[in-house]
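Trainee: One file: final33.cif (mmCIF, C-alpha atoms).
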data_data
loop_
_atom_site.label_atom_id
_atom_site.label_comp_id
_atom_site.auth_asym_id
_atom_site.auth_seq_id
_atom_site.Cartn_x
_atom_site.Cartn_y
_atom_site.Cartn_z
CA MET A 1 -71.69 -7.88 6.35
CA HIS A 2 -72.26 -9.62 9.69
CA ILE A 3 -71.57 -7.43 12.71
CA SER A 4 -69.76 -9.46 15.37
CA GLU A 5 -70.83 -9.94 18.96
CA GLY A 6 -69.46 -7.39 21.42
CA VAL A 7 -69.03 -4.55 18.91
CA LEU A 8 -72.31 -2.61 19.31
CA SER A 9 -73.48 -0.52 22.26
CA PRO A 10 -76.68 -1.48 24.15
CA GLY A 11 -78.49 1.44 22.46
CA ALA A 12 -77.59 0.26 18.96
CA LEU A 13 -78.59 -3.31 19.88
CA ALA A 14 -81.97 -2.06 21.13
CA VAL A 15 -82.61 -0.09 17.91
CA GLY A 16 -81.67 -3.12 15.82
CA TRP A 17 -83.95 -5.46 17.76
CA ALA A 18 -86.85 -2.98 17.59
CA VAL A 19 -86.57 -2.72 13.78
CA ALA A 20 -86.07 -6.48 13.36
CA GLY A 21 -88.98 -7.26 15.73
CA ALA A 22 -91.42 -4.90 13.99
CA GLY A 23 -90.39 -6.09 10.52
CA THR A 24 -90.60 -9.77 11.47
CA PHE A 25 -94.06 -9.25 12.98
CA ALA A 26 -95.23 -7.54 9.75
CA GLY A 27 -93.60 -10.25 7.64
CA LEU A 28 -95.20 -13.11 9.58
CA ARG A 29 -98.63 -11.49 9.23
CA LYS A 30 -98.14 -11.37 5.46
CA LEU A 31 -96.82 -14.93 5.20
CA GLU A 32 -99.32 -16.96 3.21
CA PRO A 33 -99.36 -20.75 3.66
CA GLU A 34 -98.87 -21.40 -0.05
CA LYS A 35 -95.70 -19.24 0.01
CA ALA A 36 -94.08 -21.12 2.92
CA ALA A 37 -92.03 -23.34 0.59
CA ARG A 38 -90.61 -20.42 -1.41
CA THR A 39 -89.84 -18.61 1.87
CA ALA A 40 -87.85 -21.67 3.01
CA LEU A 41 -86.13 -21.84 -0.40
CA LEU A 42 -85.04 -18.18 -0.39
CA SER A 43 -84.10 -18.37 3.28
CA SER A 44 -81.93 -21.42 2.48
CA ALA A 45 -80.32 -19.59 -0.46
CA PHE A 46 -79.52 -16.64 1.83
CA PHE A 47 -78.22 -19.03 4.50
CA LEU A 48 -75.90 -20.81 2.03
CA ALA A 49 -74.82 -17.67 0.13
CA SER A 50 -72.61 -16.72 3.08
CA LEU A 51 -70.46 -19.76 2.24
CA VAL A 52 -69.82 -18.63 -1.34
CA ASN A 53 -66.54 -16.72 -1.24
CA VAL A 54 -65.86 -14.14 -3.90
CA GLN A 55 -62.22 -13.17 -4.42
CA LEU A 56 -61.80 -9.45 -5.11
CA GLY A 57 -58.08 -8.87 -5.72
CA PRO A 58 -56.24 -9.41 -2.46
CA ALA A 59 -59.45 -9.37 -0.40
CA SER A 60 -62.41 -11.73 -0.40
CA THR A 61 -66.05 -11.46 0.59
CA HIS A 62 -69.18 -13.56 0.36
CA LEU A 63 -72.51 -13.24 -1.44
CA SER A 64 -75.57 -12.02 0.46
CA LEU A 65 -78.51 -12.31 -2.03
CA ILE A 66 -80.37 -9.53 -0.19
CA ALA A 67 -82.16 -8.26 -3.33
CA PRO A 68 -83.37 -11.65 -4.65
CA VAL A 69 -84.79 -12.42 -1.19
CA GLY A 70 -86.61 -9.08 -1.16
CA LEU A 71 -87.86 -9.29 -4.76
CA VAL A 72 -89.34 -12.76 -4.21
CA LEU A 73 -90.54 -12.54 -0.61
CA GLY A 74 -91.42 -8.88 -0.04
CA TRP A 75 -92.10 -8.24 3.66
CA THR A 76 -91.63 -11.94 4.43
CA ALA A 77 -87.90 -11.25 3.87
CA PHE A 78 -87.74 -10.20 7.54
CA PRO A 79 -88.60 -13.60 9.12
CA ALA A 80 -86.69 -15.41 6.32
CA ILE A 81 -83.50 -13.40 6.96
CA LEU A 82 -83.89 -13.52 10.76
CA THR A 83 -84.13 -17.33 10.70
CA ALA A 84 -81.24 -17.72 8.25
CA LEU A 85 -79.02 -15.40 10.32
CA LEU A 86 -79.96 -17.28 13.51
CA LEU A 87 -78.85 -20.55 11.91
CA GLN A 88 -75.69 -18.90 10.52
CA ALA A 89 -74.84 -17.71 14.05
CA LEU A 90 -75.52 -21.13 15.61
CA LEU A 91 -74.02 -23.35 12.91
CA PHE A 92 -71.29 -21.23 11.27
CA HIS A 93 -70.49 -18.75 14.09
CA PHE A 94 -71.15 -15.77 11.79
CA GLY A 95 -72.45 -12.71 13.67
CA GLY A 96 -73.97 -13.67 17.01
CA LEU A 97 -77.16 -14.06 19.00
CA LEU A 98 -77.19 -10.68 20.78
CA VAL A 99 -76.39 -8.88 17.54
CA LEU A 100 -78.98 -10.88 15.56
CA GLY A 101 -81.46 -7.97 15.70
CA PRO A 102 -79.14 -5.36 14.12
CA ASN A 103 -77.84 -7.88 11.56
CA THR A 104 -81.43 -8.73 10.58
CA ALA A 105 -82.32 -5.04 10.36
CA ASP A 106 -79.35 -4.04 8.19
CA MET A 107 -80.05 -6.83 5.66
CA ALA A 108 -83.86 -7.13 5.75
CA VAL A 109 -84.58 -3.39 5.51
CA PRO A 110 -82.72 -3.11 2.16
CA ALA A 111 -84.49 -6.29 0.98
CA VAL A 112 -87.91 -4.78 1.69
CA LEU A 113 -86.85 -1.40 0.23
CA VAL A 114 -85.81 -2.94 -3.10
CA TYR A 115 -89.07 -4.90 -3.09
CA LEU A 116 -91.06 -1.67 -2.62
CA LEU A 117 -89.03 0.23 -5.23
CA PHE A 118 -88.31 -2.39 -7.90
CA ALA A 119 -90.65 -5.41 -7.66
CA GLY A 120 -93.53 -3.68 -9.49
CA PRO A 121 -91.42 -2.08 -12.27
CA ILE A 122 -89.52 -5.38 -12.84
CA ARG A 123 -92.80 -7.32 -13.14
CA GLN A 124 -94.20 -4.75 -15.58
CA ALA A 125 -91.01 -4.28 -17.61
CA GLY A 126 -91.64 -5.49 -21.15
CA GLY A 127 -88.13 -6.14 -22.43
CA ARG A 128 -85.50 -8.39 -20.90
CA ALA A 129 -82.95 -5.56 -20.98
CA ALA A 130 -85.18 -3.21 -19.00
CA ALA A 131 -85.99 -5.87 -16.38
CA GLY A 132 -82.33 -6.88 -16.18
CA THR A 133 -81.17 -3.29 -15.71
CA LEU A 134 -83.73 -2.69 -12.96
CA ALA A 135 -82.75 -5.94 -11.25
CA PHE A 136 -79.05 -5.04 -11.49
CA ILE A 137 -79.70 -1.68 -9.83
CA ALA A 138 -81.84 -3.39 -7.16
CA GLY A 139 -79.11 -5.94 -6.41
CA ALA A 140 -76.34 -3.36 -6.18
CA LEU A 141 -78.44 -0.91 -4.18
CA ALA A 142 -79.43 -3.57 -1.63
CA VAL A 143 -75.76 -4.30 -0.85
CA LEU A 144 -74.87 -0.62 -0.55
CA LEU A 145 -77.89 0.03 1.69
CA GLY A 146 -76.85 -2.96 3.80
CA ALA A 147 -73.34 -1.50 4.14
CA LEU A 148 -74.88 1.84 5.08
CA GLY A 149 -76.97 0.06 7.72
CA VAL A 150 -73.88 -1.55 9.23
CA GLY A 151 -72.20 1.88 9.24
CA LEU A 152 -75.25 3.35 10.98
CA PHE A 153 -75.14 0.75 13.76
CA LEU A 154 -71.37 1.17 14.19
CA GLY A 155 -71.86 4.94 14.21
CA LEU A 156 -74.59 4.63 16.85
CA SER A 157 -72.11 2.71 18.97
CA ASP A 158 -69.01 4.89 18.71
CA GLY A 159 -70.43 8.15 17.36
CA ASN A 160 -68.27 8.05 14.25
CA PHE A 161 -70.89 7.27 11.62
CA LEU A 162 -69.31 9.11 8.69
CA THR A 163 -65.94 7.34 8.92
CA ALA A 164 -67.56 3.92 9.34
CA ALA A 165 -70.03 4.56 6.50
CA LYS A 166 -67.29 5.74 4.10
CA ILE A 167 -65.11 2.70 4.76
CA LEU A 168 -68.03 0.28 4.47
CA PHE A 169 -69.45 1.92 1.36
CA ALA A 170 -66.12 1.79 -0.46
CA ALA A 171 -65.46 -1.79 0.65
CA HIS A 172 -68.82 -2.99 -0.65
CA VAL A 173 -68.83 -1.39 -4.12
CA PRO A 174 -67.22 -4.46 -5.82
CA LEU A 175 -69.67 -6.80 -4.05
CA ALA A 176 -72.56 -4.54 -5.08
CA LEU A 177 -71.58 -4.97 -8.75
CA ILE A 178 -71.39 -8.75 -8.36
CA GLU A 179 -74.72 -8.93 -6.52
CA GLY A 180 -76.30 -6.69 -9.14
CA THR A 181 -75.20 -9.12 -11.86
CA VAL A 182 -76.42 -12.16 -9.90
CA THR A 183 -79.78 -10.46 -9.23
CA ALA A 184 -80.16 -9.53 -12.93
CA PHE A 185 -79.60 -13.14 -14.05
CA MET A 186 -81.87 -14.58 -11.35
CA THR A 187 -84.66 -12.15 -12.16
CA ALA A 188 -84.37 -12.80 -15.91
CA TRP A 189 -84.63 -16.54 -15.28
CA LEU A 190 -87.57 -16.14 -12.89
CA LYS A 191 -89.43 -13.83 -15.30
CA LYS A 192 -89.08 -16.43 -18.02
CA SER A 193 -89.57 -19.68 -16.07
CA ALA A 194 -91.64 -18.80 -13.00
CA PRO A 195 -93.04 -15.26 -13.19
CA ASP A 196 -95.41 -15.97 -10.28
CA PHE A 197 -92.35 -16.31 -8.04
CA LEU A 198 -91.67 -12.56 -8.07
CA ALA A 199 -93.48 -10.79 -5.23
CA MET B 1 -12.59 36.88 38.14
CA LYS B 2 -14.42 35.34 41.04
CA VAL B 3 -17.71 35.72 39.16
CA VAL B 4 -16.31 34.01 36.05
CA PHE B 5 -14.97 31.16 38.18
CA THR B 6 -18.33 30.73 39.93
CA LEU B 7 -20.24 30.75 36.61
CA GLY B 8 -17.80 28.25 35.10
CA LEU B 9 -18.24 25.97 38.08
CA ALA B 10 -22.06 26.22 37.80
CA LEU B 11 -21.95 25.42 34.07
CA ALA B 12 -19.68 22.44 34.67
CA GLY B 13 -22.05 21.20 37.38
CA LEU B 14 -25.06 21.69 35.10
CA SER B 15 -23.44 19.84 32.20
CA LEU B 16 -22.49 16.97 34.50
CA PHE B 17 -26.10 16.87 35.75
CA LEU B 18 -27.52 16.88 32.19
CA THR B 19 -25.09 14.22 30.99
CA GLY B 20 -26.04 12.08 33.95
CA GLY B 21 -29.75 12.51 33.01
CA ALA B 22 -29.12 11.55 29.41
CA LEU B 23 -27.32 8.42 30.47
CA ALA B 24 -30.26 7.53 32.72
CA HIS B 25 -32.55 7.54 29.59
CA GLY B 26 -30.37 5.36 27.45
CA VAL B 27 -32.05 2.48 25.63
CA GLY B 28 -31.24 -1.13 25.00
CA TYR B 29 -32.90 -4.44 24.24
CA ARG B 30 -32.90 -8.07 25.28
CA GLN B 31 -35.05 -11.13 24.75
CA PRO B 32 -37.55 -11.71 27.55
CA GLN B 33 -37.23 -14.82 29.71
CA GLN B 34 -40.95 -15.63 29.33
CA PRO B 35 -42.17 -17.13 26.06
CA PRO B 36 -44.50 -14.84 24.05
CA VAL B 37 -48.04 -15.82 23.11
CA ALA B 38 -48.50 -15.40 19.34
CA LEU B 39 -51.95 -15.58 17.77
CA GLU B 40 -53.14 -15.50 14.19
CA PHE B 41 -56.49 -13.87 13.34
CA PHE B 42 -58.45 -14.54 10.16
CA TYR B 43 -61.85 -14.15 8.53
CA SER B 44 -64.15 -17.07 7.79
CA THR B 45 -63.09 -16.69 4.14
CA GLY B 46 -59.57 -17.64 5.21
CA GLU B 47 -58.23 -14.14 4.58
CA PRO B 48 -55.93 -12.86 7.39
CA MET B 49 -57.10 -9.96 9.53
CA SER B 50 -54.16 -7.84 8.37
CA TYR B 51 -53.17 -4.60 10.10
CA ARG B 52 -56.26 -4.61 12.36
CA GLU B 53 -56.51 -2.96 15.75
CA ALA B 54 -55.57 -5.39 18.54
CA LYS B 55 -56.00 -5.09 22.31
CA VAL B 56 -54.78 -7.44 25.02
CA PHE B 57 -56.50 -7.55 28.41
CA SER B 58 -54.66 -9.02 31.38
CA PRO B 59 -56.51 -11.10 33.99
CA ALA B 60 -55.26 -8.51 36.49
CA ASP B 61 -57.21 -5.67 34.77
CA GLU B 62 -60.15 -6.48 32.53
CA LYS B 63 -61.03 -2.82 31.86
CA PHE B 64 -57.86 -1.21 30.59
CA ALA B 65 -55.84 -2.82 27.83
CA HIS B 66 -52.49 -4.23 28.91
CA GLN B 67 -51.20 -3.79 25.35
CA THR B 68 -52.55 -2.24 22.15
CA GLY B 69 -51.30 -2.39 18.60
CA ARG B 70 -52.06 -3.82 15.19
CA THR B 71 -51.78 -7.25 13.66
CA ASP B 72 -49.13 -7.80 10.99
CA ALA B 73 -49.79 -8.56 7.30
CA ALA B 74 -50.49 -12.21 8.15
CA GLY B 75 -52.98 -11.25 10.88
CA ARG B 76 -50.53 -12.17 13.68
CA PHE B 77 -50.23 -10.47 17.04
CA ALA B 78 -47.96 -11.40 19.96
CA PHE B 79 -47.70 -10.42 23.62
CA VAL B 80 -45.73 -11.50 26.65
CA PRO B 81 -47.94 -12.35 29.63
CA ASP B 82 -46.65 -11.52 33.08
CA VAL B 83 -49.29 -13.09 35.33
CA ALA B 84 -51.09 -16.42 35.26
CA GLY B 85 -54.77 -16.46 34.33
CA THR B 86 -56.99 -15.94 31.30
CA TRP B 87 -55.67 -13.35 28.87
CA ARG B 88 -58.12 -11.92 26.37
CA THR B 89 -57.05 -10.61 22.96
CA VAL B 90 -59.56 -8.67 20.86
CA VAL B 91 -58.94 -7.83 17.19
CA ARG B 92 -61.49 -5.78 15.27
CA ASP B 93 -61.80 -4.07 11.90
CA GLU B 94 -63.73 -1.00 10.76
CA GLU B 95 -66.55 -3.11 9.28
CA GLY B 96 -67.96 -4.51 12.51
CA HIS B 97 -65.99 -7.77 12.61
CA GLN B 98 -64.40 -8.72 15.91
CA ALA B 99 -62.38 -11.79 16.85
CA GLU B 100 -61.75 -12.60 20.47
CA ALA B 101 -59.20 -15.13 21.77
CA GLU B 102 -58.93 -16.29 25.37
CA ILE B 103 -55.62 -17.82 26.35
CA ALA B 104 -55.13 -19.61 29.65
CA VAL B 105 -51.64 -18.72 30.87
CA THR B 106 -50.22 -21.05 33.49
CA GLU B 107 -47.44 -20.47 36.04
CA ALA B 108 -45.42 -23.06 34.11
CA MET B 109 -45.65 -20.90 30.98
CA LEU B 110 -44.47 -17.86 32.87
CA SER B 111 -41.48 -19.68 34.30
CA GLY B 112 -40.17 -20.37 30.79
CA GLY B 113 -41.15 -22.91 28.17
CA SER B 114 -37.75 -24.54 27.86
CA VAL B 115 -37.96 -26.39 31.19
CA ASN B 116 -41.31 -28.00 30.64
CA PRO B 117 -42.41 -28.75 27.07
CA GLU B 118 -46.06 -28.28 28.03
CA ALA B 119 -45.33 -24.87 29.49
CA ALA B 120 -44.90 -23.10 26.16
CA SER B 121 -47.95 -24.60 24.52
CA VAL B 122 -50.92 -22.37 23.96
CA PRO B 123 -54.30 -24.01 24.56
CA PRO B 124 -56.17 -25.12 21.42
CA ALA B 125 -58.03 -22.53 19.36
CA ASP B 126 -61.31 -21.19 20.58
CA SER B 127 -64.34 -23.38 19.77
CA ASN B 128 -65.98 -20.31 18.22
CA ASN B 129 -63.87 -20.72 15.08
CA PRO B 130 -65.95 -21.26 11.92
CA PRO B 131 -66.31 -24.95 10.97
CA GLU B 132 -64.45 -26.29 7.93
CA GLY B 133 -64.57 -29.19 5.47
CA LEU B 134 -67.02 -32.01 6.09
CA GLU B 135 -68.27 -30.45 9.33
CA LEU B 136 -69.20 -27.30 7.41
CA LEU B 137 -71.10 -29.34 4.80
CA ILE B 138 -73.00 -31.26 7.48
CA ARG B 139 -73.92 -28.01 9.25
CA ALA B 140 -75.04 -26.41 5.97
CA ALA B 141 -77.28 -29.41 5.21
CA LEU B 142 -78.65 -29.31 8.76
CA GLY B 143 -79.46 -25.61 8.38
CA VAL B 144 -81.33 -26.08 5.09
CA SER B 145 -83.23 -29.02 6.58
CA LEU B 146 -84.18 -26.94 9.62
CA LEU B 147 -85.41 -24.07 7.42
CA PHE B 148 -87.69 -26.34 5.38
CA ASN B 149 -88.96 -28.04 8.54
CA LEU B 150 -89.72 -24.66 10.07
CA ALA B 151 -91.66 -23.73 6.92
CA LEU B 152 -93.58 -27.00 7.22
CA ILE B 153 -94.46 -26.21 10.83
CA GLY B 154 -95.52 -22.69 9.77
CA LEU B 155 -97.58 -24.13 6.95
CA ARG B 156 -99.47 -26.39 9.35
CA GLY B 157 -100.00 -23.56 11.83
CA LYS B 158 -101.39 -21.19 9.18
CA ARG B 159 -103.47 -23.69 7.18
CA PRO B 160 -107.12 -22.56 7.20
CA PRO B 161 -109.50 -24.87 9.07
CA GLU B 162 -110.96 -27.52 6.84
CA THR B 163 -114.54 -26.84 5.79
CA PRO B 164 -116.89 -29.60 6.90
CA GLY B 165 -117.83 -31.84 4.03
CA PRO B 166 -121.28 -33.16 3.29
CA HIS B 167 -122.63 -35.16 6.15
CA PHE B 168 -124.54 -38.31 5.47
CA GLU B 169 -126.52 -39.83 8.19
CA SER B 170 -126.66 -43.56 8.07
CA GLU B 171 -130.04 -44.89 7.72
CA GLU B 172 -130.78 -47.47 10.26
CA ALA B 173 -132.91 -50.25 9.20
#
Reformat the file's structure so that it appears as structure tokens.
Mentor:
Amino acid sequence: MHISEGVLSPGALAVGWAVAGAGTFAGLRKLEPEKAARTALLSSAFFLASLVNVQLGPASTHLSLIAPVGLVLGWTAFPAILTALLLQALLFHFGGLLVLGPNTADMAVPAVLVYLLFAGPIRQAGGRAAAGTLAFIAGALAVLLGALGVGLFLGLSDGNFLTAAKILFAAHVPLALIEGTVTAFMTAWLKKSAPDFLA
Amino acid sequence: MKVVFTLGLALAGLSLFLTGGALAHGVGYRQPQQPPVALEFFYSTGEPMSYREAKVFSPADEKFAHQTGRTDAAGRFAFVPDVAGTWRTVVRDEEGHQAEAEIAVTEAMLSGGSVNPEAASVPPADSNNPPEGLELLIRAALGVSLLFNLALIGLRGKRPPETPGPHFESEEA
């Protein structure tokens, strides 16, 4: 899901940096000292998830953990994802420094959206099945929204949004199902063992 | 009769002209004298960048592609350079991934690799390649360590100022 350096137009880069900058500012304002450790933990999980390859038939992809980051960190997902992506660019050569803004935007915006839509209902859900189903939808939706975000930035660059979005959407459906399952299990475990962890 | 003879002559001339033209557009093939530069493009997952759009830019013209095409099933793409300098090959997919290779082509390479063994060698892969093995593990550990240290710095920066405790004045005898 990382957009490479040199692909986006200056306009798309500017939009990405504006969204990432505003979101990171909001996230840093909401960062409470006692939640710094969990922010580092989720940021590390996001950072390492890119190394977990998932084989899907002849193709392969990697985990992103966008929804778990959003469901645990809320708005703080922005600085957590920005920092993890910066380290991925510097240490693993994924993405790049100029394109860090758009990459942050297309992964942190879905994280915050699933937090706004699903964090409350998951916390309040009585049964494990209901919480698991909501978490599965949140996990899958976050990946698909991320793919849509990448398509949007590519479309902003070459004016062919629909084609890019269709290809990306179709390519990410299998990953969305996997991430939905991972999010459902993680949320079930957190609800049982550390319910305070959920934002 | 004269008209028929003239027309026949014109037709014969025309057919000779057309045949000559067709021969001028004949096709053939041969192996080039210069060795080709073949590159293999892949994702960080190890999967080849199969059938992706590829463009080669010559050092003589950085704006317009010298050659365009697609990689093969194994993510390979080859071109034959014709001038010395840095040749840039860009391969991209429809999902925003782009790999870029810069190959330094020397005069020795252009003159044919068989004379000089070094001439046909392509410089080592770009240092932008994703790390592997132990190096990858070390970098992953470094990243996690940096993230927790950053959180620690943030924690110190955001910690509320300590409230002054009870103050006891020492009684001097």
Trainee: As a list in words, please: the residues near A:Met186 (cut-off 9 Å, all atoms listed in the file, same-chain neighbours under 5 positions excluded).
Mentor: Pro68, Ala135, Thr181 and Lys191 of chain A
Trainee: Closest to chain A among B:Phe79, B:Tyr43, B:Val56, B:Thr86, using all atoms listed in the file?
Mentor: B:Tyr43
Trainee: Could you state the separation of atom CA of B:Val91 and atom CA of B:Tyr29 in Å, given to one decimal place?
Mentor: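 Atom CA of B:Val91 sits 27.2 Å away from atom CA of B:Tyr29.
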Trainee: With 7 Å as the cut-off and only C-alpha atoms counted, what is the closest atom pair between each nearby residue of chain B and chain A? Distances in Å to one decimal, ordered by chain and number, as JSON lines.
Mentor:
{"residue": "B:Thr45", "atom": "CA", "partner": "A:Asn53", "partner_atom": "CA", "distance": 6.4}
{"residue": "B:Glu47", "atom": "CA", "partner": "A:Ser60", "partner_atom": "CA", "distance": 6.9}
{"residue": "B:Glu94", "atom": "CA", "partner": "A:Ala164", "partner_atom": "CA", "distance": 6.4}
{"residue": "B:Glu95", "atom": "CA", "partner": "A:Leu168", "partner_atom": "CA", "distance": 6.1}
{"residue": "B:Gly96", "atom": "CA", "partner": "A:Ile3", "partner_atom": "CA", "distance": 4.6}
{"residue": "B:His97", "atom": "CA", "partner": "A:Ser4", "partner_atom": "CA", "distance": 5.0}
{"residue": "B:Gln98", "atom": "CA", "partner": "A:Ser4", "partner_atom": "CA", "distance": 5.4}
{"residue": "B:Asn128", "atom": "CA", "partner": "A:His93", "partner_atom": "CA", "distance": 6.3}
{"residue": "B:Asn129", "atom": "CA", "partner": "A:His93", "partner_atom": "CA", "distance": 7.0}
{"residue": "B:Pro130", "atom": "CA", "partner": "A:Phe92", "partner_atom": "CA", "distance": 5.4}
{"residue": "B:Pro131", "atom": "CA", "partner": "A:Phe92", "partner_atom": "CA", "distance": 6.2}
{"residue": "B:Arg139", "atom": "CA", "partner": "A:Leu91", "partner_atom": "CA", "distance": 5.9}
{"residue": "B:Ala140", "atom": "CA", "partner": "A:Leu48", "partner_atom": "CA", "distance": 6.9}
{"residue": "B:Gly143", "atom": "CA", "partner": "A:Leu87", "partner_atom": "CA", "distance": 6.2}
{"residue": "B:Val144", "atom": "CA", "partner": "A:Ser44", "partner_atom": "CA", "distance": 5.4}
{"residue": "B:Leu147", "atom": "CA", "partner": "A:Ala40", "partner_atom": "CA", "distance": 5.6}
{"residue": "B:Phe148", "atom": "CA", "partner": "A:Ala40", "partner_atom": "CA", "distance": 5.2}
{"residue": "B:Ala151", "atom": "CA", "partner": "A:Ala36", "partner_atom": "CA", "distance": 5.4}
{"residue": "B:Leu155", "atom": "CA", "partner": "A:Pro33", "partner_atom": "CA", "distance": 5.0}
{"residue": "B:Lys158", "atom": "CA", "partner": "A:Pro33", "partner_atom": "CA", "distance": 5.9}
{"residue": "B:Arg159", "atom": "CA", "partner": "A:Pro33", "partner_atom": "CA", "distance": 6.2}
Trainee: If I take atom CA of A:Gly27 and atom CA of A:Gly11, how far is one from the other in Å, to one decimal?
Mentor: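 Spanning atom CA of A:Gly27 to atom CA of A:Gly11 is a straight-line distance of 24.2 Å.
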Trainee: With distances taken over all atoms listed in the file, which residue among A:Ala20, A:Val173, A:Ala199, A:Ala108 lies nearest A:Gly74?
Mentor: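 Of A:Ala20, A:Val173, A:Ala199, A:Ala108, the one nearest A:Gly74, counting all atoms listed in the file, is A:Ala199.
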Trainee: Using all atoms listed in the file for the distances, tell me which of B:Gly46, B:Ser58, B:Arg52, B:Asp93 is nearest to B:Phe77.
Mentor: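 Using all atoms listed in the file, the shortest distance to B:Phe77 belongs to B:Arg52.
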Trainee: Just give me the gap between atom CA of A:Val143 and atom CA of A:Leu156 in Å, one decimal is fine.
Mentor: 19.9 Å
Trainee: Let me make sure I understand: among B:Met49, B:Leu110, B:Leu134, B:Ala104, which one has the smallest atom-to-atom distance to B:Ala74 if we use all atoms listed in the file?
Mentor: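 Once distances to B:Ala74 are computed over all atoms listed in the file, the minimum belongs to B:Met49.
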Trainee: List as number ranges by chain the residues having at least one atom at most 9 Å from position (-80.2, -2.6, -0.5) as given in the file, counting all atoms listed in the file.
Mentor: A: 66-67, 106-114, 138-148
Trainee: I'd like the residues picked by the PyMOL selection byres ((chain B and resi 38) around 7) written out as a count of residues only, using the chain letters and numbers from the file.
Mentor: 8
Trainee: Give the centre and edge lengths of an axis-aligned box, in Å to one decimal, that holds all listed atoms of stretch 47-53 of chain A with 4 Å on each side, as lines of an AutoDock Vina configuration file.
Mentor:
center_x = -72.4
center_y = -18.8
center_z = 1.6
size_x = 19.7
size_y = 12.1
size_z = 13.8
Trainee: For the file shown, report as a list in words the outcome of the PyMOL selection byres ((chain A and resi 188) around 9) at residue level.
Mentor: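 Against this file, the PyMOL selection byres ((chain A and resi 188) around 9) returns the residues Arg128, Ala129, Ala131, Gly132, Ala135, Thr183, Ala184, Phe185, Met186, Thr187, Trp189, Leu190, Lys191, Lys192 and Ser193 of chain A.
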Trainee: Taking into account only C-alpha atoms, which residue in the set B:Val105, B:Ala65, B:Ala99, B:Val80 is nearest to B:Gln33?
Mentor: B:Val80
